Every structure is written in structure tokens, then in C-alpha cells.
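Student: What follows is a single structure, and I will ask about it in a moment.
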Amino acid sequence: MVVTRIAPSPTGDPHVGTAYIALFNYVWARKNGGRFLVRIEDTDRTRYVPGAEERILAALKWLGISYDEGPDIGGPHAPYRQSERLPLYRKHAEELLRRGFAYRAFETPEELERIRKEKGGYDGRARNIPPEEAEERARRGEPHVIRLKVPRPGTTEVKDELRGLVVYDNQEIPDVVLLKSDGYPTYHLANVVDDHLMGVTDVIRAEEWLVSTPIHVLLYRAFGWEVPKFYHMPLLRNPDKTKISKRKSHTSLEWYRAEGFLPEALRNYLALMGFSMPDGREIFTLEELIEAFTWERVSLGGPVFDLEKLRWLNGKYIREVLPLEEVAERAKPFLQAAGLSWPSEAYLRRAVELMRPRFDTLKELPEKAPYLFSEDYPFTEKALEKMREGLPVLREVEPLLRAQEDWSEAALDALLRGFAQERGLKLGQVAQPLRAALTGSLETPGLFEIMALLGKERVLARLARALAGGTS
RNA sequence: GGCCCCAUCGACUAGUGGUUAGGUCACCGCCCUUUCAAGGCGGCGGCGGGGGUUCGAGUCCCCCUGGGGUCACCA
């Protein structure tokens, strides 16, 4: 049974890196018919952000990454929030103390700062405090932490399933704090205790954890527990190759959703960051990913998160992957947010169909085609100019349109082409001014399609306004 | 800086000793065309460097270089 997990910290916006790692954990568990769980690592009271947990869980669900156990749905190893498991960590820290794998240290933060400056790091001086004395001071309530007593000299081997064996000289492994003076555990202790207790077999996490893995291996061994398999995934990168960050990239999953990216497309793109299909296909479903997934097809170079390619992929989903009805449905909130409306479902579907090849994110639909959803549409400078140039032509066309009974695309096409030919004009000389007048834009779907969709009344009204010199 | 990881076009990648080094995004051109897109076709562009191993290295080994991560009572 393969059990994987994602252990986000509720310290801010739902992070794209969390989704990235969660995706591979989810896929690996599914691939093996195992379980995937979510555990909230809220052991830093100073960085806790209210509401962050809910937002992270919501973002995972939005992406289609479901979990079998978690803080909101429970499970056999509840609770899934570390702040609710405090006694467990204390108990295990004390066990290490008893068995000589840890020791109490009484330095204040200020003292530690000084020691760090002088020695480059904590020098393990509290190891020299006789255990009886340490216990006595602890009993008296003296503030202190519990640190890992790294065996030195010696070496510790970490087996990363993606990189092979990495050997660390224990000299390089610090006596990290396991239990803070406020009684909360640090990541190292909590993560190992919980992964063991929750039956996690495969730890798939970001590469930034690789160097602290020997600490975890030491802990598993001290407890006498089986060490899980480790897979350290490459870090998502900013365009300048540094670890992806809020300052240089968009890291909030909520931003992507608000911007009109589809969860399917984002999830697909994240999968492309490091994984490739055997046949080179770049568009695939979650099921197809699970089916084809193998660690051999995961590359280790840190992938730069390319918003342009994500946009392309999102556009691909909009115009080729999702059914028209689905795209229309998902576009609704974005149209409404822009204060736009549509007369009927059929109208909306057709409007989306016409615009489909022209927007890459849902948010772009209202931005690029307000004229399909409102009579109060803006004019670009160039459209205004083009319309004014064509005013004489428009004046001639107006009565023809007024007299036109068949308002089908084909009929309008024939009418305007005929008119242009009679006048010795190119179709564009007629179509462009008309397009400008009817849409306020020079970049739109086919003119006849738009006219047919808007209907005779709206077209004539817009044209009348244009001829009267008004633009709104 | 110490330690660790990584290294194919600008970006994402395929490649698992013998390939004209392939695909995708971006970029450029052409086609289509009532505009803009989409789409089709074509193009530009890469194995960081040096040593080995081998009949033969993008592929294996070493060194260098470069990039990244990490060195908290944060995760």
C-alpha cells in the first residue's frame, strides 16, 4: 500500500508549488491504488494566517486534486492538524531524551544569535549538561528546547529514489531543535512522527528538503521506525531560475483562478513541469497522466514556470478540449463580474463560439468582446477613426440593411459583397467601418457572424448612433 | 563561503553508445482572409568547457564552469 501526503503550512495564499507537489503525490498514490492525505503543518504560531488552511484545501479541490484523508474530512489517523497533536510530539521528544538521542538546551534566542556569529552555528554545548541537572532545570520550569543529538563522528546515508544515494558527514548535520520552548514541535520532529503514525510510505516533496533529509533519517532510526522512500522533486523557478517566489512570479493559485485559467489547464501545465508523456503529447487528462506516470519520465532540472505557455495551453483547453457549453458556463462569472449580460443561453453559446479562438483566459472574453454583451461598448481610437472615414459608406449601407429581410450570415455576406462590388470598393472598405461602428473595435470575429448574432434591431440602432455622430 | 542537487534550442522537454539531435511555447515568414485571432505550412535556434573510456559519445567516468537549494526555537 502506497501512502503519500502533502503537508502545507497555513501561512499565506495557496501556493502553486504546493499544488505542483500535491499533484505528483496524488498521481503516485492513485497509480498504486494507494492513499493520498493532507496534513496541515501549523506548528509556527507566529506565521499562522487565519483562513489559509481553508483556502489551500479549496484550491486543491478546484484543481481536481482530491484526498482520502484530511483535516476537513477526517480519516483513520485524525487529527490532521499538527496543532491538535501536540501531546504526541512531546511524548516522542521525551522518548528520544530518555534514550539518549536528544538533549535539553537552555540558551536564549539572544545567546544563540551570539553563538551563531562566533561559531557559525549551534555548537552543541548543552550536550555537556548532566541529564539529572537538565531534568531538574526543566522541572523548575526553565524555558528550553529539545535538540537532536546527532551522533558524531559518523555519516548518514539518504537514498533519494530520483538521485540515488547521498552521503552526509554528520559533522554537517546540526543538532536541530525538535521541540520549541513553546511546546510546539519543529517541522523535523512533527513531520517524521506524523508520517510514521499516518503510515506514509512515500515522501514526495520539493528539493529544498533534500539537505534536511539526513535529520529525518536519523530520527526514523532513533525511533526504530522504517524509513520511507524519498522523492525530491525539482523546484519550480522564476524566469531568472531562482526558486519561484511571490516577488517574481504569480504564486497564488487564487490569482490563476481569478485570471480565468482553467483548473484542468493549470493542472496539465504543472504536470508538464518535470514530466513528459512517452509519445510527447502535451495535452492530457489526469487519468491519462496517472496511467502513463513513471518516475523514469520525471526530469530533475528546475523548470522555469512560463506563463506564456500556460496561456497557450489554457487557450487550447478553451477552444479544443472543453465542450462549447462548458466554456460558456465557465465564462458566465467573468462576464457578470464585468457587468455584462446576454439575452439567452443560445446567444451566449454562439458568442462564445465566435470568440473561442480569440481568448486564452476566461477573463479575456469580456475584455475583448464587450460589444457582444452590452450596448454600452467602448471604442478604440483606431476604430473611431476608421468609422469616421467610412461614414459616407455607412450612410449608403444603412438603408440597404434597413430594407434587408433575410438576416442570415449568408444573406448579409451577399448583400455587403454586392454593395462593395457595385461601388467598386473592396469588401474591407465597407466591412471595416461597419465593424468599427458595430463593435468599437477593429479586432473581432467575422462581421457577418456578429451582425447575425446581434440581430437586425441592435445593428440598426448601433448604426444609427454612429451616423448621428454618437458613439455610445 | 561550507555542504548538497542539477546541466540538450530563449523557455518546457524527447533522447537511455551509432539520430540529418525530435516535439511544444515564444519569435520570424508564407498560406487562408472582411479585421483580429485560430488553423495549416516553413524557418531561426541547442547537446556549457576540458580530459578520459570506447571502433564510436548528447548519452558512461573525472575535473572545471555555470545554475539552484540549504545552512532559524520557518516550513
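Residues in the C-alpha cells are named by chain (A, B, ... in the order shown) and by number from 1 within that chain; ligands are numbered from 1 in the order shown.
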Give one line per residue of chain A that approaches chain B to at most 6 Å, naming the two atoms of the closest pair and their distance in Å to one decimal, counting only C-alpha atoms (C1' of nucleotides); sort by chain then ascending residue number and deliver it as a Markdown table.

Tutor:
```
| residue | atom | partner | partner_atom | distance |
| --- | --- | --- | --- | --- |
| A:Lys180 | CA | B:C73 | C1' | 4.7 |
| A:Glu208 | CA | B:G69 | C1' | 5.4 |
| A:Gly301 | CA | B:C6 | C1' | 5.7 |
| A:Lys309 | CA | B:C25 | C1' | 5.0 |
| A:Pro357 | CA | B:A38 | C1' | 4.7 |
| A:Arg358 | CA | B:A37 | C1' | 4.9 |
| A:Leu427 | CA | B:U34 | C1' | 5.7 |
| A:Gly428 | CA | B:U34 | C1' | 4.8 |
| A:Ala431 | CA | B:U34 | C1' | 5.3 |
| A:Leu442 | CA | B:U35 | C1' | 5.5 |
| A:Glu443 | CA | B:C36 | C1' | 4.0 |
| A:Thr444 | CA | B:C36 | C1' | 5.6 |
```

Student: Would you mind exporting the chosen residues as a compact mmCIF listing (two decimals), in the first residue's frame, restricted to C-alpha atoms?

Tutor:
```txt
# COMPACT_ATOMS: atom_id res chain seq x y z
CA LYS A 180 10.49 24.52 20.71
CA GLU A 208 14.64 22.24 -0.84
CA GLY A 301 16.25 20.20 -13.93
CA LYS A 309 2.97 28.65 -22.39
CA PRO A 357 -10.23 31.21 -30.99
CA ARG A 358 -9.67 34.73 -29.67
CA LEU A 427 -15.08 44.40 -49.10
CA GLY A 428 -12.77 45.66 -46.39
CA ALA A 431 -16.65 45.95 -43.62
CA LEU A 442 -11.01 46.55 -35.33
CA GLU A 443 -10.28 43.12 -33.97
CA THR A 444 -13.39 40.97 -33.88
```

Student: As a list in words, please: the residues near Tyr256 (chain A) (cut-off 12 Å, only C-alpha atoms (C1' of nucleotides), same-chain neighbours under 4 positions excluded).

Tutor: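 Residues meeting the cut-off are Asp13, Pro14, His15, Val16, Ala59, Trp62, Leu63, Ser249, His250, Thr251, Ser252, Gly260, Phe261, Leu262, Pro263, Glu264, Ala265, Leu266, Arg267, Leu307, Leu310, Arg311, Asn314, Thr361, Leu362 and Lys363 of chain A.
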
Student: Please produce a file of those selected residues containing N, CA, C and O atoms, as a short mmCIF file (atom, residue, chain, number, x, y, z; two decimals), in the first residue's frame.

Tutor:
```cif
data_model
loop_
_atom_site.label_atom_id
_atom_site.label_comp_id
_atom_site.auth_asym_id
_atom_site.auth_seq_id
_atom_site.Cartn_x
_atom_site.Cartn_y
_atom_site.Cartn_z
N ASP A 13 -1.19 32.64 0.99
CA ASP A 13 -2.01 32.24 -0.14
C ASP A 13 -1.71 30.80 -0.56
O ASP A 13 -0.58 30.34 -0.41
N PRO A 14 -2.70 30.11 -1.12
CA PRO A 14 -2.47 28.76 -1.65
C PRO A 14 -1.38 28.86 -2.71
O PRO A 14 -1.52 29.61 -3.68
N HIS A 15 -0.31 28.14 -2.53
CA HIS A 15 0.86 28.28 -3.39
C HIS A 15 0.90 27.30 -4.56
O HIS A 15 0.55 26.14 -4.42
N VAL A 16 1.33 27.80 -5.69
CA VAL A 16 1.39 26.97 -6.89
C VAL A 16 2.36 25.80 -6.68
O VAL A 16 2.18 24.71 -7.24
N ALA A 59 -8.34 25.30 -2.94
CA ALA A 59 -7.55 25.39 -4.16
C ALA A 59 -7.21 24.00 -4.70
O ALA A 59 -7.24 23.76 -5.91
N TRP A 62 -10.28 22.67 -6.26
CA TRP A 62 -10.51 23.38 -7.52
C TRP A 62 -9.68 22.73 -8.64
O TRP A 62 -10.16 22.55 -9.76
N LEU A 63 -8.48 22.34 -8.31
CA LEU A 63 -7.59 21.73 -9.29
C LEU A 63 -7.94 20.28 -9.60
O LEU A 63 -7.36 19.67 -10.48
N SER A 249 7.10 36.01 -9.58
CA SER A 249 6.12 35.24 -10.36
C SER A 249 4.78 35.27 -9.64
O SER A 249 4.69 35.71 -8.50
N HIS A 250 3.76 34.81 -10.33
CA HIS A 250 2.47 34.68 -9.67
C HIS A 250 2.47 33.32 -8.98
O HIS A 250 2.53 32.29 -9.65
N THR A 251 2.40 33.31 -7.65
CA THR A 251 2.46 32.04 -6.94
C THR A 251 1.11 31.62 -6.35
O THR A 251 0.95 30.49 -5.94
N SER A 252 0.19 32.55 -6.29
CA SER A 252 -1.10 32.22 -5.68
C SER A 252 -2.04 31.52 -6.65
O SER A 252 -2.35 32.02 -7.73
N GLY A 260 -8.82 33.67 -14.78
CA GLY A 260 -9.55 32.93 -15.80
C GLY A 260 -8.81 31.74 -16.37
O GLY A 260 -9.06 31.32 -17.50
N PHE A 261 -7.88 31.21 -15.58
CA PHE A 261 -7.22 29.98 -16.03
C PHE A 261 -8.11 28.82 -15.60
O PHE A 261 -8.75 28.87 -14.54
N LEU A 262 -8.14 27.80 -16.41
CA LEU A 262 -8.96 26.64 -16.11
C LEU A 262 -8.15 25.68 -15.25
O LEU A 262 -6.96 25.49 -15.49
N PRO A 263 -8.80 25.10 -14.25
CA PRO A 263 -8.07 24.17 -13.38
C PRO A 263 -7.45 23.02 -14.17
O PRO A 263 -6.34 22.59 -13.87
N GLU A 264 -8.17 22.54 -15.18
CA GLU A 264 -7.63 21.44 -15.99
C GLU A 264 -6.34 21.85 -16.69
O GLU A 264 -5.40 21.06 -16.79
N ALA A 265 -6.32 23.07 -17.18
CA ALA A 265 -5.14 23.54 -17.92
C ALA A 265 -3.96 23.77 -16.98
O ALA A 265 -2.83 23.41 -17.29
N LEU A 266 -4.24 24.34 -15.83
CA LEU A 266 -3.16 24.60 -14.87
C LEU A 266 -2.58 23.27 -14.38
O LEU A 266 -1.38 23.09 -14.30
N ARG A 267 -3.47 22.34 -14.08
CA ARG A 267 -3.04 21.03 -13.62
C ARG A 267 -2.21 20.34 -14.70
O ARG A 267 -1.16 19.77 -14.45
N LEU A 307 4.55 31.57 -17.98
CA LEU A 307 3.15 32.00 -18.04
C LEU A 307 2.62 32.01 -19.47
O LEU A 307 1.45 31.72 -19.72
N LEU A 310 1.58 28.58 -20.43
CA LEU A 310 0.35 28.24 -19.68
C LEU A 310 -0.84 28.89 -20.40
O LEU A 310 -1.89 28.28 -20.56
N ARG A 311 -0.67 30.13 -20.81
CA ARG A 311 -1.74 30.85 -21.51
C ARG A 311 -2.11 30.11 -22.79
O ARG A 311 -3.28 29.95 -23.12
N ASN A 314 -3.98 27.02 -21.86
CA ASN A 314 -5.32 27.37 -21.40
C ASN A 314 -6.22 27.66 -22.61
O ASN A 314 -7.37 27.22 -22.66
N THR A 361 -7.74 33.23 -21.81
CA THR A 361 -8.22 33.06 -20.43
C THR A 361 -9.66 33.55 -20.39
O THR A 361 -10.05 34.40 -21.20
N LEU A 362 -10.44 33.04 -19.47
CA LEU A 362 -11.85 33.41 -19.39
C LEU A 362 -12.01 34.91 -19.17
O LEU A 362 -12.95 35.52 -19.65
N LYS A 363 -11.07 35.47 -18.47
CA LYS A 363 -11.16 36.90 -18.17
C LYS A 363 -11.04 37.76 -19.43
O LYS A 363 -11.50 38.89 -19.46
#
```

Student: Select, from A:Glu345, A:Asp175, A:Glu364, A:Glu226, the residue with the minimum atom-to-atom distance to Ala258 (chain A), counting only C-alpha atoms.

Tutor: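 Closest to Ala258 (chain A), using only C-alpha atoms: A:Glu364.
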
Student: What residues in region 127-209 of chain A get the DSSP label helix (DSSP H, G or I)? Please answer as a list in words.

Tutor: Arg127, Asn128, Pro131, Glu132, Glu133, Ala134, Glu135, Glu136, Arg137, Ala138, Arg139, Asn170, Gln171, Glu172, Tyr187, His188, Leu189, Ala190, Asn191, Val192, Val193, Asp194, Asp195, His196, Leu197, Glu207, Glu208 and Trp209 of chain A

Student: With C-alpha atoms retained, could you export that selection as a CSV table (one decimal), in the first residue's frame?

Tutor:
```
chain,number,residue,atom,x,y,z
A,127,ARG,CA,25.2,18.3,25.5
A,128,ASN,CA,27.5,18.8,28.4
A,131,PRO,CA,21.0,14.8,32.4
A,132,GLU,CA,20.0,15.0,36.0
A,133,GLU,CA,20.7,18.7,36.1
A,134,ALA,CA,18.9,19.3,32.8
A,135,GLU,CA,15.8,17.4,34.1
A,136,GLU,CA,15.9,19.4,37.3
A,137,ARG,CA,16.1,22.7,35.5
A,138,ALA,CA,13.2,21.6,33.2
A,139,ARG,CA,11.2,20.6,36.3
A,170,ASN,CA,27.3,14.0,10.4
A,171,GLN,CA,29.6,16.9,11.0
A,172,GLU,CA,27.4,18.8,8.6
A,187,TYR,CA,9.0,20.6,11.2
A,188,HIS,CA,11.6,17.9,11.6
A,189,LEU,CA,10.0,16.2,14.5
A,190,ALA,CA,6.4,16.6,13.6
A,191,ASN,CA,6.9,15.5,10.0
A,192,VAL,CA,8.7,12.3,11.0
A,193,VAL,CA,6.3,11.4,13.8
A,194,ASP,CA,3.2,12.1,11.7
A,195,ASP,CA,4.5,10.4,8.6
A,196,HIS,CA,5.2,7.3,10.6
A,197,LEU,CA,2.0,7.4,12.6
A,207,GLU,CA,14.1,19.6,-3.5
A,208,GLU,CA,14.6,22.2,-0.8
A,209,TRP,CA,14.1,19.5,1.7
```

Student: For A21 (chain B), which residue among B:C64, B:G48, B:C9, B:C41 is the nearest when counting only C-alpha atoms (C1' of nucleotides)?

Tutor: B:C9

Student: Between A:Arg39, A:Ala436, A:Pro445, A:Leu394, single out the one closest to Ala420 (chain A), counting only C-alpha atoms.

Tutor: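 Looking only at the distances to Ala420 (chain A), the closest residue turns out to be A:Leu394.
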
Student: Quick one: pull the distance between CA of Trp225 (chain A) and CA of Thr294 (chain A), Å, one decimal.

Tutor: 27.2 Å

Student: For Ala19 (chain A), which of A:Glu107, A:Asp306, A:Asp44, A:Glu254 is the closest residue, counting only C-alpha atoms?

Tutor: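 Among the listed residues, A:Glu254 lies closest to Ala19 (chain A).
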
Student: Could you pull out the strand (DSSP E or B) residues of region 125-183 of chain A from DSSP and send them as a list in words?

Tutor: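 Output for region 125-183 of chain A, strand (DSSP E or B) only: Val145, Ile146, Arg147, Leu148, Thr155, Thr156, Glu157, Val158, Lys159, Asp160, Gly164, Leu165, Val166, Val167, Tyr168, Asp169, Val177, Leu178 and Leu179 of chain A.
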
Student: Can those selected residues be exported to a file as a short mmCIF file (atom, residue, chain, number, x, y, z; two decimals), in the first residue's frame so that it contains all heavy atoms?

Tutor:
```
data_model
loop_
_atom_site.label_atom_id
_atom_site.label_comp_id
_atom_site.auth_asym_id
_atom_site.auth_seq_id
_atom_site.Cartn_x
_atom_site.Cartn_y
_atom_site.Cartn_z
N VAL A 145 14.62 24.18 24.92
CA VAL A 145 14.19 23.41 23.75
C VAL A 145 14.77 22.01 23.88
O VAL A 145 15.63 21.76 24.73
CB VAL A 145 14.70 24.04 22.43
CG1 VAL A 145 14.18 25.45 22.28
CG2 VAL A 145 16.24 24.00 22.38
N ILE A 146 14.29 21.11 23.04
CA ILE A 146 14.88 19.78 22.99
C ILE A 146 15.54 19.65 21.62
O ILE A 146 14.90 19.91 20.60
CB ILE A 146 13.82 18.67 23.19
CG1 ILE A 146 13.27 18.77 24.62
CG2 ILE A 146 14.43 17.29 22.94
CD1 ILE A 146 12.18 17.75 24.93
N ARG A 147 16.80 19.29 21.65
CA ARG A 147 17.56 19.18 20.40
C ARG A 147 17.94 17.74 20.07
O ARG A 147 18.10 16.91 20.96
CB ARG A 147 18.85 20.00 20.48
CG ARG A 147 18.66 21.50 20.37
CD ARG A 147 20.00 22.21 20.50
NE ARG A 147 19.87 23.66 20.44
CZ ARG A 147 19.88 24.35 19.30
NH1 ARG A 147 20.01 23.74 18.14
NH2 ARG A 147 19.75 25.67 19.33
N LEU A 148 18.11 17.49 18.80
CA LEU A 148 18.55 16.19 18.34
C LEU A 148 20.05 16.05 18.63
O LEU A 148 20.83 16.96 18.36
CB LEU A 148 18.32 16.06 16.82
CG LEU A 148 18.87 14.80 16.15
CD1 LEU A 148 18.10 13.56 16.64
CD2 LEU A 148 18.75 14.92 14.63
N THR A 155 28.53 9.09 9.52
CA THR A 155 27.92 9.57 8.29
C THR A 155 26.47 9.06 8.25
O THR A 155 26.14 8.09 8.92
CB THR A 155 28.64 9.04 7.03
OG1 THR A 155 28.60 7.61 7.06
CG2 THR A 155 30.08 9.51 6.97
N THR A 156 25.67 9.75 7.49
CA THR A 156 24.27 9.33 7.35
C THR A 156 23.93 9.28 5.87
O THR A 156 24.20 10.23 5.12
CB THR A 156 23.33 10.33 8.06
OG1 THR A 156 23.67 10.37 9.45
CG2 THR A 156 21.87 9.90 7.90
N GLU A 157 23.35 8.16 5.48
CA GLU A 157 23.01 7.99 4.07
C GLU A 157 21.54 8.26 3.82
O GLU A 157 20.68 7.80 4.56
CB GLU A 157 23.34 6.57 3.62
CG GLU A 157 24.83 6.28 3.56
CD GLU A 157 25.11 4.89 3.03
OE1 GLU A 157 24.16 4.08 2.98
OE2 GLU A 157 26.28 4.62 2.68
N VAL A 158 21.31 9.00 2.76
CA VAL A 158 19.94 9.27 2.35
C VAL A 158 19.77 8.67 0.97
O VAL A 158 20.56 8.94 0.07
CB VAL A 158 19.66 10.78 2.27
CG1 VAL A 158 18.31 11.03 1.61
CG2 VAL A 158 19.69 11.40 3.66
N LYS A 159 18.75 7.86 0.82
CA LYS A 159 18.51 7.31 -0.51
C LYS A 159 17.35 8.08 -1.13
O LYS A 159 16.22 8.00 -0.67
CB LYS A 159 18.17 5.82 -0.44
CG LYS A 159 18.02 5.21 -1.82
CD LYS A 159 17.62 3.76 -1.75
CE LYS A 159 17.36 3.20 -3.15
NZ LYS A 159 16.54 1.97 -3.09
N ASP A 160 17.69 8.84 -2.16
CA ASP A 160 16.64 9.54 -2.88
C ASP A 160 16.34 8.69 -4.11
O ASP A 160 17.24 8.34 -4.86
CB ASP A 160 17.11 10.94 -3.29
CG ASP A 160 16.03 11.69 -4.05
OD1 ASP A 160 15.96 11.55 -5.30
OD2 ASP A 160 15.24 12.39 -3.41
N GLY A 164 19.54 8.71 -6.28
CA GLY A 164 20.46 7.72 -5.75
C GLY A 164 20.90 8.06 -4.33
O GLY A 164 20.27 8.86 -3.65
N LEU A 165 22.00 7.45 -3.91
CA LEU A 165 22.48 7.63 -2.55
C LEU A 165 23.20 8.96 -2.37
O LEU A 165 24.04 9.34 -3.16
CB LEU A 165 23.44 6.48 -2.24
CG LEU A 165 23.45 5.92 -0.83
CD1 LEU A 165 22.03 5.52 -0.41
CD2 LEU A 165 24.41 4.75 -0.76
N VAL A 166 22.86 9.65 -1.29
CA VAL A 166 23.57 10.88 -0.95
C VAL A 166 24.10 10.68 0.47
O VAL A 166 23.34 10.40 1.39
CB VAL A 166 22.64 12.11 -0.97
CG1 VAL A 166 23.43 13.39 -0.72
CG2 VAL A 166 21.92 12.20 -2.31
N VAL A 167 25.41 10.81 0.59
CA VAL A 167 26.02 10.58 1.90
C VAL A 167 26.39 11.89 2.58
O VAL A 167 27.02 12.75 1.98
CB VAL A 167 27.30 9.72 1.76
CG1 VAL A 167 27.89 9.43 3.15
CG2 VAL A 167 26.99 8.42 1.03
N TYR A 168 25.96 12.03 3.81
CA TYR A 168 26.26 13.24 4.57
C TYR A 168 27.20 12.92 5.72
O TYR A 168 27.00 11.94 6.43
CB TYR A 168 24.98 13.84 5.14
CG TYR A 168 24.03 14.36 4.07
CD1 TYR A 168 23.13 13.51 3.44
CD2 TYR A 168 24.05 15.70 3.70
CE1 TYR A 168 22.27 13.97 2.46
CE2 TYR A 168 23.19 16.19 2.71
CZ TYR A 168 22.31 15.31 2.10
OH TYR A 168 21.47 15.78 1.13
N ASP A 169 28.18 13.77 5.90
CA ASP A 169 29.06 13.67 7.05
C ASP A 169 28.24 14.26 8.20
O ASP A 169 27.72 15.36 8.09
CB ASP A 169 30.32 14.51 6.81
CG ASP A 169 31.33 14.29 7.93
OD1 ASP A 169 30.91 14.14 9.10
OD2 ASP A 169 32.54 14.27 7.63
N VAL A 177 16.69 21.82 16.56
CA VAL A 177 15.67 21.86 17.60
C VAL A 177 14.53 20.94 17.16
O VAL A 177 14.09 21.00 16.00
CB VAL A 177 15.14 23.30 17.79
CG1 VAL A 177 13.90 23.30 18.70
CG2 VAL A 177 16.23 24.19 18.36
N LEU A 178 14.06 20.12 18.04
CA LEU A 178 12.94 19.22 17.74
C LEU A 178 11.66 19.73 18.40
O LEU A 178 10.59 19.68 17.80
CB LEU A 178 13.24 17.81 18.27
CG LEU A 178 14.48 17.13 17.70
CD1 LEU A 178 14.69 15.79 18.38
CD2 LEU A 178 14.33 16.93 16.18
N LEU A 179 11.82 20.22 19.62
CA LEU A 179 10.66 20.76 20.33
C LEU A 179 11.01 22.17 20.80
O LEU A 179 12.00 22.37 21.50
CB LEU A 179 10.34 19.87 21.55
CG LEU A 179 8.92 19.97 22.09
CD1 LEU A 179 7.92 19.40 21.07
CD2 LEU A 179 8.79 19.22 23.42
#
```

Student: Enter the distance from C1' of U8 (chain B) to CA of Phe275 (chain A), in Å, rounded to one decimal.

Tutor: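 Taking C1' of U8 (chain B) and CA of Phe275 (chain A), their separation equals 15.9 Å.
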